[in-house]
Amino acid sequence: MLQATTMPTADVQIIDCSGFESETMDLFLAPGPNPYRETEAFLFDCEMRADEMPRAVRRSLLEFQVRSNAEGVLLLRGLPIDPGLYRTQTPLDGRRSIHKTTYVSERCLAMVGSRLGHLVSYIQEKNGDLFQSLAPVKGSERVQSSGGSQTRLQFHRETVFHPYPPEFLLLFCLRPDHDRLAETTYASIAHALPLLSDEHRDLLFQPLYRTGIDYSFGNVQGTKANGKVLPVLYGNRHDPFLNYDEDLMEAMTPAAEAALAALQAAIASVYRGIKLDTGDLLCIDNRRTVHGRSSFTPRYDGFDRWLQRSFVVRDLGLSAVDRQPGERIIRTRFEAIG
Ligand SMILES: [Fe+2]
């Protein structure tokens, strides 16, 4: 009767959804409110549907929400996809596809996200869409953002510089790259920490680091360290959270710089990669795990790699000051860009 199984593999904890019974598939496939025009109705509908997901799936998501895991990632594999997706073109501009007129992938993101917290977006990114297309953009091949392709996307926590960063990041794969070479890379602090000396840990726990504002938030010059000062590690000394951006973060003293370099080397030696396939939904614990992407070669033929991304916060109230009532878009302004 119970269709879903949780399989801790050597690396990633995987929930295999491919054996879902038709009743469960229908939770994702049955039409409902429009996620872009009736956003709140859509999210509430998805949350109610998620209550009916198999118990094993809900249990795994609850455990991941409450205590995470050593990898800081959870992969749902084989989720249903939009009918006709195979002929829907990947958006060339990295924006929302006007040709995608069913919302199964959005429902997968919202249903899974509802068990981890609440979906939010940021006004500076992709018009504040809650469901954002990530696809290679012509002319951006070497840019450190989701439109890049032919250069490695360096390790980062999502929106380190922001006062209301997401606790979880969700990536749903609609289409892998042509060559099936692109890997979503990740590294957890649980794996990197044992490689750091006590001296370096002490430094990383101090506010000796200045981060930068993301390219996608308007920092198009890629100016480093124009954001706030903060510690890299925080929380429990033996099970810390981390703030890290390989590209935009700088240390404020030579000793702090050496500790940051040691963390960079530790991340480079423990990171792992996942090749996401159609129907895979990767949940990333954004407080414990940094992520990036290997390079790949786009063709711009309408069938390039295409992911959808959503952000999840545990507490909507924290960002209420920078949101309009009844909206999920966080509108915090940043003055330091330049
Ligand atoms: Fe990212």
# chains A, B, ... in the order shown; residues from 1 in each chain; ligands from 1
$ residues_around --residues "A:Asp202" --least-positions-apart "2" --cutoff "10 Å" --atoms "only C-alpha atoms" --output "PyMOL selection string"
chain A and resi 196-200+204-206+233+237+256+259
$ write_last_selection --atoms "C-alpha atoms" --output "PDB file, in the first residue's frame"
ATOM      1  CA  LEU A 196      39.281  22.829   9.939  1.00  0.00           C
ATOM      2  CA  SER A 197      41.667  23.538  12.809  1.00  0.00           C
ATOM      3  CA  ASP A 198      40.375  24.939  16.116  1.00  0.00           C
ATOM      4  CA  GLU A 199      42.118  28.221  15.348  1.00  0.00           C
ATOM      5  CA  HIS A 200      40.395  28.549  11.993  1.00  0.00           C
ATOM      6  CA  LEU A 204      35.213  31.777  11.269  1.00  0.00           C
ATOM      7  CA  PHE A 205      32.834  32.211  14.227  1.00  0.00           C
ATOM      8  CA  GLN A 206      33.763  35.902  14.484  1.00  0.00           C
ATOM      9  CA  LEU A 233      29.997  30.087  11.085  1.00  0.00           C
ATOM     10  CA  ARG A 237      29.996  25.113  17.694  1.00  0.00           C
ATOM     11  CA  ALA A 256      40.581  35.653   8.935  1.00  0.00           C
ATOM     12  CA  ALA A 259      40.668  30.673   7.845  1.00  0.00           C
TER      13      ALA A 259
END
$ residues_near_ligand --ligand "ligand 1" --cutoff "10 Å" --atoms "only C-alpha atoms and all ligand atoms" --output "number ranges by chain"
A: 144-146, 153-159, 169, 171, 184, 214, 245, 286, 290-293, 309
$ write_last_selection --atoms "N, CA and C atoms" --output "CSV table (one decimal), in the first residue's frame"
chain,number,residue,atom,x,y,z
A,144,GLN,N,28.4,34.6,-13.0
A,144,GLN,CA,28.1,33.9,-11.8
A,144,GLN,C,26.7,34.0,-11.4
A,145,SER,N,25.8,33.5,-12.2
A,145,SER,CA,24.4,33.5,-11.8
A,145,SER,C,23.7,32.3,-12.5
A,146,SER,N,22.4,32.2,-12.3
A,146,SER,CA,21.7,31.0,-12.9
A,146,SER,C,21.7,31.0,-14.4
A,153,LEU,N,29.7,27.5,-11.5
A,153,LEU,CA,29.0,28.4,-10.6
A,153,LEU,C,29.6,28.1,-9.2
A,154,GLN,N,30.2,29.1,-8.6
A,154,GLN,CA,31.0,28.9,-7.4
A,154,GLN,C,30.0,28.6,-6.2
A,155,PHE,N,30.6,28.0,-5.2
A,155,PHE,CA,29.8,27.6,-4.0
A,155,PHE,C,29.3,28.9,-3.3
A,156,HIS,N,28.0,28.8,-2.9
A,156,HIS,CA,27.4,29.9,-2.2
A,156,HIS,C,26.2,29.4,-1.4
A,157,ARG,N,25.9,30.1,-0.3
A,157,ARG,CA,24.6,30.0,0.3
A,157,ARG,C,23.8,31.0,-0.4
A,158,GLU,N,22.5,30.7,-0.6
A,158,GLU,CA,21.6,31.6,-1.3
A,158,GLU,C,21.4,32.9,-0.5
A,159,THR,N,21.7,34.0,-1.1
A,159,THR,CA,21.4,35.3,-0.6
A,159,THR,C,22.0,35.5,0.8
A,169,LEU,N,16.1,25.8,-0.2
A,169,LEU,CA,16.1,26.1,-1.6
A,169,LEU,C,15.6,24.8,-2.3
A,171,LEU,N,15.0,22.9,-6.0
A,171,LEU,CA,15.3,22.9,-7.4
A,171,LEU,C,14.6,21.7,-8.1
A,184,THR,N,24.6,19.6,-10.3
A,184,THR,CA,24.4,20.5,-9.2
A,184,THR,C,25.3,20.1,-8.1
A,214,ASP,N,24.4,39.9,-4.5
A,214,ASP,CA,24.4,39.0,-5.7
A,214,ASP,C,24.3,39.8,-7.0
A,245,ASP,N,30.0,32.7,0.6
A,245,ASP,CA,29.9,32.9,-0.8
A,245,ASP,C,31.4,33.0,-1.3
A,286,ASN,N,19.6,25.5,3.3
A,286,ASN,CA,20.5,26.6,2.9
A,286,ASN,C,21.3,27.2,4.1
A,290,VAL,N,26.2,24.6,1.2
A,290,VAL,CA,26.4,25.6,0.0
A,290,VAL,C,26.2,24.8,-1.3
A,291,HIS,N,25.9,25.5,-2.3
A,291,HIS,CA,25.7,24.8,-3.6
A,291,HIS,C,26.3,25.6,-4.7
A,292,GLY,N,26.4,24.9,-5.9
A,292,GLY,CA,26.9,25.5,-7.1
A,292,GLY,C,26.5,24.7,-8.3
A,293,ARG,N,27.3,24.8,-9.3
A,293,ARG,CA,26.9,24.0,-10.5
A,293,ARG,C,28.2,23.8,-11.4
A,309,ARG,N,13.1,26.9,-9.6
A,309,ARG,CA,13.6,27.1,-8.3
A,309,ARG,C,12.5,27.8,-7.4
$ select_by_dssp --residues "stretch 137-316 of chain A" --states "alpha helix (DSSP H)" --output "PyMOL selection string"
chain A and resi 189-192+198-204+254-270
$ select_by_dssp --residues "stretch 132-192 of chain A" --states "strand (DSSP E or B)" --output "PyMOL selection string"
chain A and resi 132-134+153-156+168-175+184-188
$ closest_atom_pairs --of "stretch 39-112 of chain A" --to "stretch 122-134 of chain A" --cutoff "7 Å" --atoms "only C-alpha atoms" --output "tab-separated table"
residue	atom	partner	partner_atom	distance
A:Gly94	CA	A:Leu134	CA	5.7
A:Arg95	CA	A:Ser133	CA	5.8
A:Arg96	CA	A:Ser133	CA	5.7
A:Glu106	CA	A:Phe131	CA	6.5
$ residues_around --residues "A:Ala268" --least-positions-apart "4" --cutoff "9 Å" --atoms "only C-alpha atoms" --output "ChimeraX atom specification"
/A:187,192,263-264
$ write_last_selection --atoms "C-alpha atoms" --output "PDB file, in the first residue's frame"
ATOM      1  CA  ALA A 187      29.022  20.769   0.230  1.00  0.00           C
ATOM      2  CA  ALA A 192      33.841  20.377   5.905  1.00  0.00           C
ATOM      3  CA  LEU A 263      37.236  26.574   4.501  1.00  0.00           C
ATOM      4  CA  GLN A 264      37.398  27.017   0.738  1.00  0.00           C
TER       5      GLN A 264
END
$ residues_around --residues "stretch 221-230 of chain A" --least-positions-apart "2" --cutoff "12 Å" --atoms "only C-alpha atoms" --output "VMD selection string"
chain A and resid 142 to 145 159 to 163 203 to 219 232 to 234 242 to 252 256 334 to 338
$ write_last_selection --atoms "N, CA and C atoms" --output "compact mmCIF listing (two decimals), in the first residue's frame"
# COMPACT_ATOMS: atom_id res chain seq x y z
N ARG A 142 29.53 33.12 -18.92
CA ARG A 142 30.56 33.13 -17.88
C ARG A 142 30.16 33.95 -16.64
N VAL A 143 28.87 34.25 -16.54
CA VAL A 143 28.38 35.03 -15.41
C VAL A 143 28.11 34.12 -14.22
N GLN A 144 28.41 34.64 -12.99
CA GLN A 144 28.15 33.87 -11.76
C GLN A 144 26.68 34.02 -11.35
N SER A 145 25.80 33.47 -12.17
CA SER A 145 24.38 33.46 -11.80
C SER A 145 23.72 32.31 -12.54
N THR A 159 21.66 33.98 -1.14
CA THR A 159 21.43 35.32 -0.57
C THR A 159 22.01 35.49 0.84
N VAL A 160 23.31 35.24 0.96
CA VAL A 160 24.03 35.43 2.23
C VAL A 160 23.84 36.85 2.75
N PHE A 161 23.81 37.80 1.85
CA PHE A 161 23.81 39.23 2.20
C PHE A 161 22.44 39.73 2.67
N HIS A 162 21.41 38.90 2.52
CA HIS A 162 20.04 39.37 2.72
C HIS A 162 19.60 39.20 4.18
N PRO A 163 18.81 40.13 4.73
CA PRO A 163 18.33 39.94 6.10
C PRO A 163 17.32 38.80 6.24
N LEU A 203 38.15 31.74 14.32
CA LEU A 203 38.10 32.93 13.46
C LEU A 203 36.81 32.97 12.64
N LEU A 204 36.41 31.82 12.12
CA LEU A 204 35.21 31.78 11.27
C LEU A 204 33.93 32.07 12.06
N PHE A 205 33.98 31.88 13.38
CA PHE A 205 32.83 32.21 14.23
C PHE A 205 32.77 33.70 14.57
N GLN A 206 33.75 34.47 14.15
CA GLN A 206 33.76 35.90 14.48
C GLN A 206 33.31 36.75 13.29
N PRO A 207 32.72 37.92 13.56
CA PRO A 207 32.25 38.78 12.45
C PRO A 207 33.42 39.49 11.77
N LEU A 208 34.17 38.72 11.01
CA LEU A 208 35.38 39.24 10.35
C LEU A 208 35.28 39.12 8.84
N TYR A 209 34.05 38.99 8.34
CA TYR A 209 33.88 38.71 6.92
C TYR A 209 32.82 39.62 6.33
N ARG A 210 33.12 40.14 5.18
CA ARG A 210 32.16 41.01 4.50
C ARG A 210 31.72 40.32 3.23
N THR A 211 30.40 40.16 3.10
CA THR A 211 29.89 39.48 1.92
C THR A 211 29.49 40.49 0.85
N GLY A 212 29.15 40.00 -0.32
CA GLY A 212 28.76 40.87 -1.42
C GLY A 212 27.32 40.61 -1.83
N ILE A 213 26.76 41.61 -2.47
CA ILE A 213 25.38 41.50 -2.96
C ILE A 213 25.39 40.76 -4.30
N ASP A 214 24.43 39.86 -4.48
CA ASP A 214 24.44 39.00 -5.66
C ASP A 214 24.33 39.78 -6.97
N TYR A 215 24.92 39.19 -7.99
CA TYR A 215 24.75 39.68 -9.36
C TYR A 215 23.26 39.83 -9.68
N SER A 216 22.46 38.82 -9.30
CA SER A 216 21.04 38.83 -9.66
C SER A 216 20.24 39.88 -8.88
N PHE A 217 20.86 40.49 -7.86
CA PHE A 217 20.20 41.58 -7.13
C PHE A 217 20.67 42.94 -7.61
N GLY A 218 21.36 42.96 -8.74
CA GLY A 218 21.74 44.23 -9.35
C GLY A 218 23.21 44.52 -9.29
N ASN A 219 24.01 43.68 -8.64
CA ASN A 219 25.46 43.91 -8.55
C ASN A 219 26.12 43.40 -9.83
N VAL A 232 31.28 33.69 9.40
CA VAL A 232 31.00 32.62 8.43
C VAL A 232 30.25 31.49 9.11
N LEU A 233 30.67 31.15 10.34
CA LEU A 233 30.00 30.09 11.09
C LEU A 233 29.19 30.71 12.22
N TYR A 234 28.04 30.13 12.52
CA TYR A 234 27.25 30.62 13.64
C TYR A 234 26.38 29.47 14.15
N LEU A 242 26.21 27.98 8.30
CA LEU A 242 27.26 28.78 7.67
C LEU A 242 26.72 29.81 6.70
N ASN A 243 27.45 30.95 6.68
CA ASN A 243 27.28 31.99 5.69
C ASN A 243 28.51 31.91 4.80
N TYR A 244 28.31 31.69 3.52
CA TYR A 244 29.50 31.55 2.68
C TYR A 244 29.15 31.90 1.24
N ASP A 245 30.04 32.66 0.63
CA ASP A 245 29.94 32.93 -0.80
C ASP A 245 31.36 32.95 -1.34
N GLU A 246 31.69 31.93 -2.08
CA GLU A 246 33.06 31.76 -2.58
C GLU A 246 33.48 32.94 -3.46
N ASP A 247 32.53 33.50 -4.18
CA ASP A 247 32.84 34.56 -5.13
C ASP A 247 32.87 35.94 -4.49
N LEU A 248 31.90 36.26 -3.65
CA LEU A 248 31.69 37.66 -3.25
C LEU A 248 32.10 37.99 -1.83
N MET A 249 32.58 37.00 -1.04
CA MET A 249 32.90 37.24 0.36
C MET A 249 34.39 37.49 0.54
N GLU A 250 34.72 38.46 1.39
CA GLU A 250 36.12 38.75 1.68
C GLU A 250 36.34 38.84 3.18
N ALA A 251 37.55 38.41 3.61
CA ALA A 251 37.93 38.50 5.02
C ALA A 251 38.49 39.88 5.31
N MET A 252 38.39 40.31 6.58
CA MET A 252 38.81 41.66 6.94
C MET A 252 40.19 41.71 7.60
N ALA A 256 41.92 36.07 9.37
CA ALA A 256 40.58 35.65 8.94
C ALA A 256 40.62 35.15 7.49
N PHE A 334 18.49 47.48 -1.41
CA PHE A 334 19.92 47.47 -1.12
C PHE A 334 20.55 48.72 -1.74
N GLU A 335 21.20 49.49 -0.87
CA GLU A 335 21.76 50.77 -1.33
C GLU A 335 23.22 50.64 -1.73
N ALA A 336 23.88 49.54 -1.29
CA ALA A 336 25.35 49.49 -1.40
C ALA A 336 25.84 49.03 -2.76
N ILE A 337 24.92 48.84 -3.70
CA ILE A 337 25.35 48.31 -5.00
C ILE A 337 26.20 49.33 -5.74
N GLY A 338 27.30 48.86 -6.28
CA GLY A 338 28.13 49.75 -7.08
C GLY A 338 29.57 49.32 -7.07
$ atom_distance --atom1 "atom CA of A:Pro194" --atom2 "atom CA of A:Leu75"
24.7 Å
$ residues_around --residues "stretch 26-35 of chain A" --least-positions-apart "4" --cutoff "7 Å" --atoms "only C-alpha atoms" --output "PyMOL selection string"
chain A and resi 22+39+41-42+49+80+104+107-108
$ residues_around --residues "stretch 294-296 of chain A" --least-positions-apart "6" --cutoff "7 Å" --atoms "only C-alpha atoms" --output "PDB file with C-alpha atoms, in the first residue's frame"
ATOM      1  CA  SER A 149      26.754  27.802 -18.188  1.00  0.00           C
ATOM      2  CA  GLN A 150      30.313  27.539 -19.458  1.00  0.00           C
ATOM      3  CA  THR A 151      31.948  28.395 -16.184  1.00  0.00           C
ATOM      4  CA  ARG A 152      31.577  26.688 -12.814  1.00  0.00           C
ATOM      5  CA  LEU A 153      29.000  28.384 -10.582  1.00  0.00           C
ATOM      6  CA  LEU A 181      27.162  16.542 -17.854  1.00  0.00           C
ATOM      7  CA  ALA A 182      25.812  19.380 -15.678  1.00  0.00           C
ATOM      8  CA  GLU A 183      26.008  18.617 -11.993  1.00  0.00           C
ATOM      9  CA  THR A 184      24.367  20.498  -9.178  1.00  0.00           C
ATOM     10  CA  THR A 185      27.235  20.625  -6.687  1.00  0.00           C
TER      11      THR A 185
END
$ residues_around --residues "A:Ile98" --least-positions-apart "4" --cutoff "12 Å" --atoms "only C-alpha atoms" --output "JSON, numbers by chain"
{"A": [36, 88, 89, 90, 91, 92, 93, 94, 102, 103, 133]}
$ closest_residue --among "A:Ala110, A:Ala261, A:Leu174, A:Ile284" --to "A:Ala70" --atoms "only C-alpha atoms"
A:Ile284
$ atom_distance --atom1 "atom CA of A:Val321" --atom2 "atom CA of A:Glu47"
24.3 Å
$ decode --residues "stretch 164-310 of chain A" --atoms "C-alpha atoms" --output "mmCIF file, in the first residue's frame"
data_model
loop_
_atom_site.group_PDB
_atom_site.id
_atom_site.type_symbol
_atom_site.label_atom_id
_atom_site.label_comp_id
_atom_site.auth_asym_id
_atom_site.auth_seq_id
_atom_site.Cartn_x
_atom_site.Cartn_y
_atom_site.Cartn_z
ATOM 1 C CA TYR A 164 15.675 37.336 5.204
ATOM 2 C CA PRO A 165 17.456 34.499 3.419
ATOM 3 C CA PRO A 166 15.582 31.271 2.720
ATOM 4 C CA GLU A 167 16.128 28.306 5.040
ATOM 5 C CA PHE A 168 15.526 25.944 2.145
ATOM 6 C CA LEU A 169 16.095 26.082 -1.580
ATOM 7 C CA LEU A 170 14.145 23.797 -3.930
ATOM 8 C CA LEU A 171 15.319 22.855 -7.427
ATOM 9 C CA PHE A 172 12.981 20.934 -9.731
ATOM 10 C CA CYS A 173 14.501 19.557 -12.933
ATOM 11 C CA LEU A 174 12.295 19.864 -15.987
ATOM 12 C CA ARG A 175 15.081 19.008 -18.412
ATOM 13 C CA PRO A 176 18.778 18.076 -18.034
ATOM 14 C CA ASP A 177 21.465 19.484 -20.344
ATOM 15 C CA HIS A 178 21.927 17.841 -23.756
ATOM 16 C CA ASP A 179 25.182 16.130 -22.796
ATOM 17 C CA ARG A 180 23.966 15.158 -19.317
ATOM 18 C CA LEU A 181 27.162 16.542 -17.854
ATOM 19 C CA ALA A 182 25.812 19.380 -15.678
ATOM 20 C CA GLU A 183 26.008 18.617 -11.993
ATOM 21 C CA THR A 184 24.367 20.498 -9.178
ATOM 22 C CA THR A 185 27.235 20.625 -6.687
ATOM 23 C CA TYR A 186 26.921 20.932 -2.932
ATOM 24 C CA ALA A 187 29.022 20.769 0.230
ATOM 25 C CA SER A 188 27.750 20.577 3.788
ATOM 26 C CA ILE A 189 29.451 22.188 6.749
ATOM 27 C CA ALA A 190 29.015 18.854 8.580
ATOM 28 C CA HIS A 191 31.524 17.356 6.153
ATOM 29 C CA ALA A 192 33.841 20.377 5.905
ATOM 30 C CA LEU A 193 34.094 21.174 9.630
ATOM 31 C CA PRO A 194 36.308 18.217 10.644
ATOM 32 C CA LEU A 195 38.940 19.451 8.163
ATOM 33 C CA LEU A 196 39.281 22.829 9.939
ATOM 34 C CA SER A 197 41.667 23.538 12.809
ATOM 35 C CA ASP A 198 40.375 24.939 16.116
ATOM 36 C CA GLU A 199 42.118 28.221 15.348
ATOM 37 C CA HIS A 200 40.395 28.549 11.993
ATOM 38 C CA ARG A 201 37.018 27.615 13.502
ATOM 39 C CA ASP A 202 37.449 30.336 16.148
ATOM 40 C CA LEU A 203 38.099 32.933 13.458
ATOM 41 C CA LEU A 204 35.213 31.777 11.269
ATOM 42 C CA PHE A 205 32.834 32.211 14.227
ATOM 43 C CA GLN A 206 33.763 35.902 14.484
ATOM 44 C CA PRO A 207 32.250 38.778 12.446
ATOM 45 C CA LEU A 208 35.382 39.237 10.354
ATOM 46 C CA TYR A 209 33.877 38.712 6.921
ATOM 47 C CA ARG A 210 32.156 41.014 4.505
ATOM 48 C CA THR A 211 29.893 39.479 1.919
ATOM 49 C CA GLY A 212 28.760 40.872 -1.416
ATOM 50 C CA ILE A 213 25.379 41.496 -2.956
ATOM 51 C CA ASP A 214 24.439 38.999 -5.664
ATOM 52 C CA TYR A 215 24.750 39.678 -9.365
ATOM 53 C CA SER A 216 21.042 38.834 -9.655
ATOM 54 C CA PHE A 217 20.197 41.580 -7.126
ATOM 55 C CA GLY A 218 21.740 44.227 -9.350
ATOM 56 C CA ASN A 219 25.456 43.914 -8.547
ATOM 57 C CA VAL A 220 26.223 43.523 -12.240
ATOM 58 C CA GLN A 221 29.808 44.721 -11.821
ATOM 59 C CA GLY A 222 30.438 41.733 -9.542
ATOM 60 C CA THR A 223 31.738 44.096 -6.838
ATOM 61 C CA LYS A 224 33.072 42.026 -3.937
ATOM 62 C CA ALA A 225 32.356 42.646 -0.271
ATOM 63 C CA ASN A 226 29.773 45.439 -0.680
ATOM 64 C CA GLY A 227 27.356 43.792 1.738
ATOM 65 C CA LYS A 228 27.154 43.342 5.492
ATOM 66 C CA VAL A 229 29.830 42.109 7.921
ATOM 67 C CA LEU A 230 29.084 38.742 9.476
ATOM 68 C CA PRO A 231 30.644 35.544 10.824
ATOM 69 C CA VAL A 232 31.000 32.624 8.426
ATOM 70 C CA LEU A 233 29.997 30.087 11.085
ATOM 71 C CA TYR A 234 27.247 30.617 13.642
ATOM 72 C CA GLY A 235 25.014 28.614 15.939
ATOM 73 C CA ASN A 236 26.213 25.441 17.659
ATOM 74 C CA ARG A 237 29.996 25.113 17.694
ATOM 75 C CA HIS A 238 29.832 21.398 16.868
ATOM 76 C CA ASP A 239 26.944 21.571 14.414
ATOM 77 C CA PRO A 240 27.116 25.093 12.985
ATOM 78 C CA PHE A 241 25.265 26.937 10.273
ATOM 79 C CA LEU A 242 27.259 28.783 7.668
ATOM 80 C CA ASN A 243 27.280 31.995 5.688
ATOM 81 C CA TYR A 244 29.502 31.546 2.680
ATOM 82 C CA ASP A 245 29.936 32.932 -0.797
ATOM 83 C CA GLU A 246 33.063 31.759 -2.581
ATOM 84 C CA ASP A 247 32.840 34.561 -5.133
ATOM 85 C CA LEU A 248 31.690 37.655 -3.250
ATOM 86 C CA MET A 249 32.897 37.243 0.364
ATOM 87 C CA GLU A 250 36.119 38.748 1.675
ATOM 88 C CA ALA A 251 37.932 38.499 5.018
ATOM 89 C CA MET A 252 38.808 41.662 6.939
ATOM 90 C CA THR A 253 42.135 40.540 8.462
ATOM 91 C CA PRO A 254 44.999 38.334 7.208
ATOM 92 C CA ALA A 255 44.261 35.693 9.873
ATOM 93 C CA ALA A 256 40.581 35.653 8.935
ATOM 94 C CA GLU A 257 41.633 35.342 5.299
ATOM 95 C CA ALA A 258 43.676 32.231 6.093
ATOM 96 C CA ALA A 259 40.668 30.673 7.845
ATOM 97 C CA LEU A 260 38.425 31.482 4.869
ATOM 98 C CA ALA A 261 40.988 29.898 2.527
ATOM 99 C CA ALA A 262 41.034 26.782 4.726
ATOM 100 C CA LEU A 263 37.236 26.574 4.501
ATOM 101 C CA GLN A 264 37.398 27.017 0.738
ATOM 102 C CA ALA A 265 39.894 24.147 0.511
ATOM 103 C CA ALA A 266 37.756 21.988 2.824
ATOM 104 C CA ILE A 267 34.668 22.607 0.675
ATOM 105 C CA ALA A 268 36.662 21.781 -2.461
ATOM 106 C CA SER A 269 37.656 18.429 -0.981
ATOM 107 C CA VAL A 270 34.259 17.328 0.377
ATOM 108 C CA TYR A 271 31.840 18.611 -2.253
ATOM 109 C CA ARG A 272 29.672 16.252 -4.235
ATOM 110 C CA GLY A 273 27.607 16.521 -7.401
ATOM 111 C CA ILE A 274 24.179 15.314 -8.473
ATOM 112 C CA LYS A 275 23.052 15.075 -12.071
ATOM 113 C CA LEU A 276 19.419 16.054 -11.836
ATOM 114 C CA ASP A 277 17.038 14.389 -14.274
ATOM 115 C CA THR A 278 13.482 15.227 -15.315
ATOM 116 C CA GLY A 279 11.150 14.834 -12.316
ATOM 117 C CA ASP A 280 13.884 15.225 -9.693
ATOM 118 C CA LEU A 281 13.281 17.739 -6.908
ATOM 119 C CA LEU A 282 16.317 18.584 -4.787
ATOM 120 C CA CYS A 283 15.755 20.188 -1.373
ATOM 121 C CA ILE A 284 18.825 22.023 -0.046
ATOM 122 C CA ASP A 285 19.220 23.098 3.585
ATOM 123 C CA ASN A 286 20.455 26.620 2.907
ATOM 124 C CA ARG A 287 21.858 27.072 6.436
ATOM 125 C CA ARG A 288 24.108 24.005 6.420
ATOM 126 C CA THR A 289 24.964 23.403 2.796
ATOM 127 C CA VAL A 290 26.396 25.551 0.038
ATOM 128 C CA HIS A 291 25.674 24.785 -3.576
ATOM 129 C CA GLY A 292 26.913 25.521 -7.072
ATOM 130 C CA ARG A 293 26.927 23.998 -10.546
ATOM 131 C CA SER A 294 29.497 22.460 -12.851
ATOM 132 C CA SER A 295 29.983 23.983 -16.284
ATOM 133 C CA PHE A 296 28.091 22.713 -19.313
ATOM 134 C CA THR A 297 27.612 23.642 -22.952
ATOM 135 C CA PRO A 298 24.252 25.091 -23.999
ATOM 136 C CA ARG A 299 22.932 24.923 -27.557
ATOM 137 C CA TYR A 300 20.175 27.570 -27.375
ATOM 138 C CA ASP A 301 17.913 25.325 -29.458
ATOM 139 C CA GLY A 302 14.933 25.507 -27.094
ATOM 140 C CA PHE A 303 15.849 22.262 -25.315
ATOM 141 C CA ASP A 304 18.623 23.331 -22.996
ATOM 142 C CA ARG A 305 18.822 22.530 -19.299
ATOM 143 C CA TRP A 306 15.792 23.870 -17.443
ATOM 144 C CA LEU A 307 15.219 23.921 -13.700
ATOM 145 C CA GLN A 308 12.572 25.658 -11.637
ATOM 146 C CA ARG A 309 13.586 27.089 -8.297
ATOM 147 C CA SER A 310 11.667 28.141 -5.197
#
